[in-house]
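K.L.:
I am sharing upload_38.csv, which consists of CSV, C-alpha atoms:
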```csv
chain,number,residue,atom,x,y,z
A,2,MET,CA,11.3,-20.4,0.1
A,3,ARG,CA,9.8,-17.0,0.7
A,4,PRO,CA,9.5,-14.7,-2.3
A,5,ARG,CA,12.4,-12.2,-2.7
A,6,LEU,CA,10.1,-9.3,-3.4
A,7,GLY,CA,6.8,-8.4,-1.8
A,8,GLY,CA,3.5,-8.1,-3.5
A,9,SER,CA,3.7,-4.4,-4.2
A,10,ALA,CA,6.2,-1.7,-5.0
A,11,ASP,CA,6.4,2.0,-5.3
A,12,ARG,CA,7.6,3.2,-8.7
A,13,ALA,CA,8.9,6.6,-7.5
A,14,ALA,CA,12.4,7.2,-8.9
A,15,ALA,CA,13.8,8.8,-5.8
A,16,GLY,CA,11.8,6.9,-3.1
A,17,LEU,CA,8.5,7.0,-1.3
A,18,ILE,CA,6.5,9.9,0.0
A,19,LEU,CA,4.4,10.6,3.1
A,20,ALA,CA,3.5,13.2,5.8
A,21,VAL,CA,0.7,14.4,8.0
A,22,GLY,CA,-1.6,17.3,8.4
A,23,MET,CA,-5.0,18.7,7.4
A,24,MET,CA,-4.4,19.9,3.9
A,25,ALA,CA,-6.5,20.3,0.8
A,26,GLY,CA,-6.6,17.3,-1.4
A,27,CYS,CA,-3.8,17.2,-4.1
A,28,ALA,CA,-4.8,16.8,-7.7
A,29,THR,CA,-2.3,14.2,-8.5
A,30,HIS,CA,-4.1,12.8,-11.5
A,31,VAL,CA,-6.9,14.2,-13.7
A,32,PRO,CA,-8.8,11.3,-15.0
A,33,GLY,CA,-10.1,11.0,-18.5
A,34,PRO,CA,-13.6,9.7,-19.4
A,35,ALA,CA,-15.1,7.6,-16.7
A,36,GLY,CA,-14.0,4.0,-16.8
A,37,PRO,CA,-16.3,0.9,-16.5
A,38,ALA,CA,-16.3,1.1,-12.7
A,39,ARG,CA,-16.6,4.2,-10.6
A,40,CYS,CA,-16.0,3.7,-6.9
A,41,GLU,CA,-18.5,5.4,-4.5
A,42,GLY,CA,-18.2,6.2,-0.9
A,43,VAL,CA,-14.6,7.5,-1.0
A,44,ALA,CA,-13.5,11.2,-1.1
A,45,ALA,CA,-11.8,10.7,-4.4
A,46,ASP,CA,-12.6,10.3,-8.1
A,47,VAL,CA,-11.6,6.8,-8.8
A,48,SER,CA,-11.9,4.9,-12.1
A,49,ALA,CA,-10.9,1.3,-12.4
A,50,THR,CA,-10.3,0.7,-16.0
A,51,GLY,CA,-9.6,-2.8,-17.4
A,52,ALA,CA,-11.7,-4.4,-14.6
A,53,ARG,CA,-15.2,-5.7,-14.6
A,54,GLY,CA,-17.6,-7.3,-12.2
A,55,LEU,CA,-16.2,-8.8,-9.0
A,56,ALA,CA,-12.6,-7.6,-9.9
A,57,ALA,CA,-13.8,-4.0,-10.1
A,58,GLN,CA,-15.7,-4.4,-6.9
A,59,ALA,CA,-12.5,-5.7,-5.2
A,60,ILE,CA,-10.6,-2.7,-6.5
A,61,CYS,CA,-13.2,-0.3,-5.1
A,62,ASP,CA,-13.3,-2.2,-1.8
A,63,GLY,CA,-9.5,-1.8,-1.5
A,64,VAL,CA,-9.7,1.9,-2.2
A,65,ARG,CA,-12.4,2.3,0.5
A,66,ASP,CA,-10.4,0.2,3.0
A,67,ALA,CA,-7.4,2.5,2.7
A,68,PHE,CA,-9.4,5.7,2.9
A,69,GLY,CA,-11.5,4.4,5.8
A,70,PHE,CA,-8.7,3.1,7.9
A,71,LEU,CA,-6.6,6.3,7.6
A,72,ALA,CA,-9.6,8.6,8.0
A,73,PRO,CA,-9.2,9.1,11.8
A,74,LEU,CA,-5.8,10.6,11.2
A,75,GLY,CA,-7.3,13.4,9.2
A,76,LEU,CA,-4.8,13.0,6.4
A,77,ALA,CA,-5.3,14.9,3.1
A,78,HIS,CA,-6.4,12.7,0.2
A,79,PRO,CA,-5.9,12.9,-3.6
A,80,SER,CA,-8.7,15.0,-5.2
A,81,HIS,CA,-8.4,12.7,-8.2
A,82,LEU,CA,-7.2,9.1,-8.0
A,83,ALA,CA,-7.1,6.6,-10.9
A,84,VAL,CA,-6.6,2.9,-10.3
A,85,GLU,CA,-5.6,1.1,-13.5
A,86,ALA,CA,-5.8,-2.7,-14.0
A,87,VAL,CA,-3.0,-3.7,-16.4
A,88,ASP,CA,-1.9,-6.9,-18.0
A,89,ALA,CA,1.7,-6.5,-16.8
A,90,MET,CA,3.6,-4.3,-14.4
A,91,PRO,CA,6.0,-1.7,-15.8
A,92,PRO,CA,9.5,-3.1,-16.5
A,93,GLY,CA,12.2,-2.8,-13.9
A,94,LEU,CA,10.0,-3.5,-10.8
A,95,GLY,CA,11.2,-7.1,-10.3
A,96,ARG,CA,9.4,-10.5,-10.3
A,97,GLY,CA,6.5,-10.9,-7.9
A,98,VAL,CA,5.4,-7.3,-8.0
A,99,VAL,CA,1.6,-7.1,-8.6
A,100,GLY,CA,0.9,-3.4,-7.9
A,101,CYS,CA,2.6,-0.1,-7.8
A,102,PHE,CA,2.0,3.6,-7.2
A,103,GLU,CA,3.5,5.9,-9.8
A,104,ARG,CA,4.4,9.2,-8.1
A,105,SER,CA,4.8,11.3,-11.2
A,106,SER,CA,1.2,10.7,-12.4
A,107,GLY,CA,-0.4,9.8,-9.0
A,108,ARG,CA,-1.8,6.7,-10.6
A,109,VAL,CA,-2.1,3.3,-8.9
A,110,GLU,CA,-1.5,0.3,-11.2
A,111,VAL,CA,-2.4,-3.3,-10.3
A,112,LEU,CA,-2.3,-6.4,-12.4
A,113,SER,CA,-5.7,-7.3,-13.9
A,114,TYR,CA,-7.4,-9.9,-11.8
A,115,GLU,CA,-6.7,-12.5,-14.5
A,116,ALA,CA,-3.0,-11.7,-14.5
A,117,PHE,CA,-3.0,-11.6,-10.7
A,118,GLU,CA,-4.4,-15.2,-10.6
A,119,ARG,CA,-1.8,-16.3,-13.1
A,120,SER,CA,1.1,-14.7,-11.1
A,121,GLY,CA,1.3,-17.5,-8.6
A,122,ARG,CA,1.3,-17.5,-4.8
A,123,TRP,CA,1.1,-14.0,-3.2
A,124,LEU,CA,2.5,-13.6,0.3
A,125,GLY,CA,2.5,-17.3,0.6
A,126,VAL,CA,-1.2,-17.8,-0.2
A,127,GLU,CA,-3.2,-18.5,-3.3
A,128,PRO,CA,-4.3,-15.3,-5.1
A,129,ASP,CA,-8.0,-14.6,-4.8
A,130,LEU,CA,-10.3,-11.6,-4.7
A,131,ALA,CA,-9.6,-10.9,-1.0
A,132,ALA,CA,-5.9,-10.8,-1.7
A,133,TYR,CA,-6.5,-8.6,-4.8
A,134,ARG,CA,-8.4,-6.1,-2.6
A,135,SER,CA,-5.5,-6.0,-0.2
A,136,VAL,CA,-3.0,-5.2,-3.0
A,137,VAL,CA,-5.1,-2.2,-3.9
A,138,ALA,CA,-5.3,-1.0,-0.3
A,139,HIS,CA,-1.5,-1.1,0.0
A,140,GLU,CA,-1.0,1.0,-3.1
A,141,VAL,CA,-3.8,3.4,-2.4
A,142,THR,CA,-2.2,4.1,1.0
A,143,HIS,CA,0.9,5.2,-0.9
A,144,ALA,CA,-1.2,7.5,-3.1
A,145,ILE,CA,-3.0,9.0,-0.1
A,146,LEU,CA,0.3,9.6,1.8
A,147,HIS,CA,1.8,11.2,-1.3
A,148,CYS,CA,-0.4,14.2,-0.8
A,149,HIS,CA,1.1,15.0,2.6
A,150,LEU,CA,4.8,15.7,2.1
A,151,PRO,CA,6.2,18.8,0.4
A,152,ASP,CA,9.6,17.1,0.5
A,153,ASP,CA,9.4,13.6,-1.0
A,154,ASP,CA,12.5,12.4,0.8
A,155,ALA,CA,11.6,13.7,4.3
A,156,LEU,CA,10.8,10.2,5.5
A,157,PRO,CA,12.7,7.0,5.0
A,158,ARG,CA,11.3,4.4,2.6
A,159,VAL,CA,10.6,2.0,5.4
A,160,ALA,CA,8.4,4.5,7.1
A,161,HIS,CA,6.1,4.6,4.0
A,162,GLU,CA,6.1,0.8,3.7
A,163,TYR,CA,5.4,0.4,7.4
A,164,VAL,CA,2.2,2.4,7.1
A,165,ALA,CA,1.2,0.8,3.8
A,166,TYR,CA,1.7,-2.7,5.2
A,167,VAL,CA,-0.2,-1.9,8.4
A,168,VAL,CA,-3.1,-0.6,6.5
A,169,MET,CA,-3.0,-3.6,4.2
A,170,PHE,CA,-3.0,-6.2,7.0
A,171,ALA,CA,-5.3,-4.4,9.3
A,172,THR,CA,-8.0,-4.2,6.6
A,173,MET,CA,-7.4,-7.6,5.2
A,174,ASN,CA,-9.9,-10.4,5.4
A,175,ALA,CA,-9.3,-12.0,8.8
A,176,ALA,CA,-9.0,-15.6,7.4
A,177,LEU,CA,-6.6,-14.5,4.7
A,178,ARG,CA,-4.5,-12.5,7.2
A,179,GLU,CA,-4.1,-15.6,9.4
A,180,LEU,CA,-3.0,-17.7,6.5
A,181,VAL,CA,-0.3,-15.1,5.7
A,182,LEU,CA,0.8,-14.8,9.3
A,183,MET,CA,1.1,-18.6,9.4
A,184,ALA,CA,3.2,-18.5,6.2
A,185,TYR,CA,5.5,-16.0,7.8
A,186,PRO,CA,5.9,-17.0,11.5
A,187,GLY,CA,7.4,-14.4,13.9
A,188,GLU,CA,6.7,-12.1,16.8
A,189,GLY,CA,7.1,-8.7,15.2
A,190,PHE,CA,9.9,-6.2,15.5
A,191,ASP,CA,11.1,-5.9,19.1
A,192,ASP,CA,12.4,-2.3,18.6
A,193,VAL,CA,12.0,0.4,16.0
A,194,SER,CA,15.7,0.1,15.3
A,195,GLN,CA,14.9,-3.1,13.5
A,196,ILE,CA,12.6,-1.3,11.1
A,197,ASN,CA,15.3,-0.3,8.7
A,198,LEU,CA,16.1,-0.4,5.0
A,199,LEU,CA,18.2,-3.6,5.3
A,200,SER,CA,15.3,-5.6,6.8
A,201,TYR,CA,13.0,-4.3,4.1
A,202,VAL,CA,15.3,-5.0,1.2
A,203,PHE,CA,16.3,-8.5,2.5
A,204,ASP,CA,12.7,-9.6,2.5
A,205,PRO,CA,9.9,-7.1,1.9
A,206,VAL,CA,7.1,-9.5,2.7
A,207,ALA,CA,8.6,-10.6,6.0
A,208,PHE,CA,9.2,-6.9,6.8
A,209,GLY,CA,5.5,-6.1,6.2
A,210,VAL,CA,4.3,-9.0,8.3
A,211,GLU,CA,6.7,-8.1,11.2
A,212,ALA,CA,5.7,-4.4,10.9
A,213,TYR,CA,2.0,-5.4,11.3
A,214,ARG,CA,2.8,-7.6,14.3
A,215,HIS,CA,4.8,-4.8,15.8
A,216,TRP,CA,1.9,-2.3,15.2
A,217,ARG,CA,-0.7,-4.7,16.5
A,218,ARG,CA,1.1,-5.0,19.9
A,219,GLN,CA,1.0,-1.2,20.5
A,220,PRO,CA,-1.6,0.1,23.0
A,221,ASP,CA,-2.6,3.0,20.6
A,222,GLY,CA,-2.1,2.0,17.0
A,223,LEU,CA,-3.3,5.2,15.6
A,224,ALA,CA,-0.8,7.2,17.7
A,225,VAL,CA,1.9,4.9,16.4
A,226,LEU,CA,1.0,5.6,12.8
A,227,ARG,CA,0.8,9.3,13.5
A,228,ALA,CA,4.3,9.2,15.0
A,229,VAL,CA,5.6,7.3,11.9
A,230,ILE,CA,4.0,9.9,9.6
A,231,ASP,CA,5.3,12.8,11.8
A,232,GLY,CA,8.8,11.4,11.4
A,233,THR,CA,9.3,10.9,15.1
A,234,LEU,CA,9.3,7.1,15.3
A,235,ILE,CA,11.2,5.8,12.3
A,236,ARG,CA,14.1,8.1,11.6
A,237,GLU,CA,16.4,6.2,9.3
A,238,MET,CA,16.7,8.0,6.0
A,239,GLN,CA,16.4,6.2,2.7
A,240,ILE,CA,19.6,5.2,1.0
A,241,ASP,CA,19.2,5.6,-2.7
```
Would you put the structure from the file into structure tokens?
P.N.:
Amino acid sequence: MRPRLGGSADRAAAGLILAVGMMAGCATHVPGPAGPARCEGVAADVSATGARGLAAQAICDGVRDAFGFLAPLGLAHPSHLAVEAVDAMPPGLGRGVVGCFERSSGRVEVLSYEAFERSGRWLGVEPDLAAYRSVVAHEVTHAILHCHLPDDDALPRVAHEYVAYVVMFATMNAALRELVLMAYPGEGFDDVSQINLLSYVFDPVAFGVEAYRHWRRQPDGLAVLRAVIDGTLIREMQID
């Protein structure tokens, strides 16, 4: 049976956030003293506390994946971004959630790699460093997009998730991605009307896989993402 909840969640109380435009980076979080890992090569100040060695490297790789993939869109980015590896997700997020973006602080939280390994299968596959990297890419996408919308509720939740899942799967290790796609067979959404809150709530993982397949079929993937971010493609507003 497929897991009821996907591998990540947004912790924002009123929904998710996203927009487009060339804007100055938003200082969503002012980090404290540098943690044990400082990610380089991204236009953000990132500290990955609670992580060492290969786990910290996977976190930094996930950060770079999200920033690099979205770079052609010219989106603003957080001027300060913290990624925290924690022993447990905050209460109330549901079972199976291994990462979240906290809108109020602008902080990304992911399970420590040890806790991630103990959490069981993720997206139908065994948890490993490649999967861990993809969790980070998904949540960092939410953090990046948070900087672009004056009105947090201007886009529906599924629009945010569509972009985050596309980034996650597009930057995922190819072998891992094929395993996930095999675990969730399908052809992708046939029409944007199928990209709705009901399909997301019913099975967030299946939603993400079908969103990626839909995006992958498009002649100009970047143009599709820009249309989603502009609010011209996915129009259904979030139902709180």
K.L.:
Might you pull out every residue within 9 Å of Gly63 (chain A), with all atoms listed in the file counted and same-chain residues fewer than 4 positions away left off, and present them as a ChimeraX atom specification?
P.N.:
/A:58-59,67-68,133-139,141,169,172
K.L.:
Only C-alpha atoms, please: the residues just picked out, written as an mmCIF file, in the coordinates of the input.
P.N.:
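The result, stored in result-v6.cif:
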```cif
data_model
loop_
_atom_site.group_PDB
_atom_site.id
_atom_site.type_symbol
_atom_site.label_atom_id
_atom_site.label_comp_id
_atom_site.auth_asym_id
_atom_site.auth_seq_id
_atom_site.Cartn_x
_atom_site.Cartn_y
_atom_site.Cartn_z
ATOM 1 C CA GLN A 58 -15.700 -4.400 -6.900
ATOM 2 C CA ALA A 59 -12.500 -5.700 -5.200
ATOM 3 C CA ALA A 67 -7.400 2.500 2.700
ATOM 4 C CA PHE A 68 -9.400 5.700 2.900
ATOM 5 C CA TYR A 133 -6.500 -8.600 -4.800
ATOM 6 C CA ARG A 134 -8.400 -6.100 -2.600
ATOM 7 C CA SER A 135 -5.500 -6.000 -0.200
ATOM 8 C CA VAL A 136 -3.000 -5.200 -3.000
ATOM 9 C CA VAL A 137 -5.100 -2.200 -3.900
ATOM 10 C CA ALA A 138 -5.300 -1.000 -0.300
ATOM 11 C CA HIS A 139 -1.500 -1.100 0.000
ATOM 12 C CA VAL A 141 -3.800 3.400 -2.400
ATOM 13 C CA MET A 169 -3.000 -3.600 4.200
ATOM 14 C CA THR A 172 -8.000 -4.200 6.600
#
```
K.L.:
For Ala72 (chain A), which residue among A:Ile145, A:Val181, A:Met90, A:Ala57 is the nearest when counting only C-alpha atoms?
P.N.:
A:Ile145
K.L.:
With a distance cut-off of 9 Å and all atoms listed in the file, select the neighbouring residues of Ala132 (chain A), excluding the residue or stretch itself and same-chain residues fewer than 3 positions from it, and output the selection as a list of chain:residue names.
P.N.:
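What passes the distance filter is A:Trp123, A:Val126, A:Glu127, A:Pro128, A:Asp129, A:Ser135, A:Val136, A:Val137, A:Met173, A:Asn174, A:Leu177.
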K.L.:
Work out how far CA of Val193 (chain A) is from CA of Leu234 (chain A), in Å to one decimal.
P.N.:
7.3 Å
K.L.:
Neighbours of region 221-226 of chain A within 10 Å (only C-alpha atoms; same-chain residues fewer than 5 positions away dropped), as JSON, numbers by chain?
P.N.:
{"A": [70, 71, 73, 74, 160, 163, 164, 167, 168, 215, 216, 231, 232, 233, 234]}
K.L.:
Provide the CA of Ile60 (chain A) to CA of Ala228 (chain A) distance in Å, to one decimal place.
P.N.:
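Interatomic distance, CA of Ile60 (chain A) to CA of Ala228 (chain A): 28.7 Å.
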K.L.:
Do a neighbour search on His143 (chain A) at 7 Å with all atoms listed in the file, toss out local chain neighbours closer than 3 positions, and write the hits as a PyMOL selection string.
P.N.:
chain A and resi 102+139-140+146-147+165
K.L.:
For the residues in the current selection, export C-alpha atoms as a PDB file, in the frame of the given file.
P.N.:
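File produced: result29.pdb:
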```pdb
ATOM      1  CA  PHE A 102       2.000   3.600  -7.200  1.00  0.00           C
ATOM      2  CA  HIS A 139      -1.500  -1.100   0.000  1.00  0.00           C
ATOM      3  CA  GLU A 140      -1.000   1.000  -3.100  1.00  0.00           C
ATOM      4  CA  LEU A 146       0.300   9.600   1.800  1.00  0.00           C
ATOM      5  CA  HIS A 147       1.800  11.200  -1.300  1.00  0.00           C
ATOM      6  CA  ALA A 165       1.200   0.800   3.800  1.00  0.00           C
TER       7      ALA A 165
END
```
K.L.:
Give me the residues near Ala144 (chain A) as a list of chain:residue names, where near means some atom within 8 Å (using only C-alpha atoms) and where sequence neighbours in that chain fewer than 5 positions away do not count.
P.N.:
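Within the cut-off, the hits are A:Pro79, A:Leu82, A:Phe102, A:Arg104, A:Gly107, A:Arg108, A:Val109.
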K.L.:
Taking into account all atoms listed in the file, which residue in the set A:Ala175, A:Ala44, A:Asp192, A:Thr50 is nearest to Val64 (chain A)?
P.N.:
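The shortest atom-to-atom distance to Val64 (chain A) comes from A:Ala44.
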K.L.:
Between CA of Leu130 (chain A) and CA of Asp62 (chain A), what distance in Å does the model show, to one decimal?
P.N.:
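Calculated distance between CA of Leu130 (chain A) and CA of Asp62 (chain A) is 10.3 Å.
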K.L.:
Nearest to Val111 (chain A) among A:Arg227, A:Leu124, A:Ala52, A:Cys148, with distances taken over only C-alpha atoms: which residue is it?
P.N.:
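Selected residue with least distance to Val111 (chain A): A:Ala52.
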K.L.:
Which residue is closest to Cys101 (chain A)? Choose from A:Glu115, A:Thr142, A:His149, A:Gly69 and count all atoms listed in the file.
P.N.:
A:Thr142
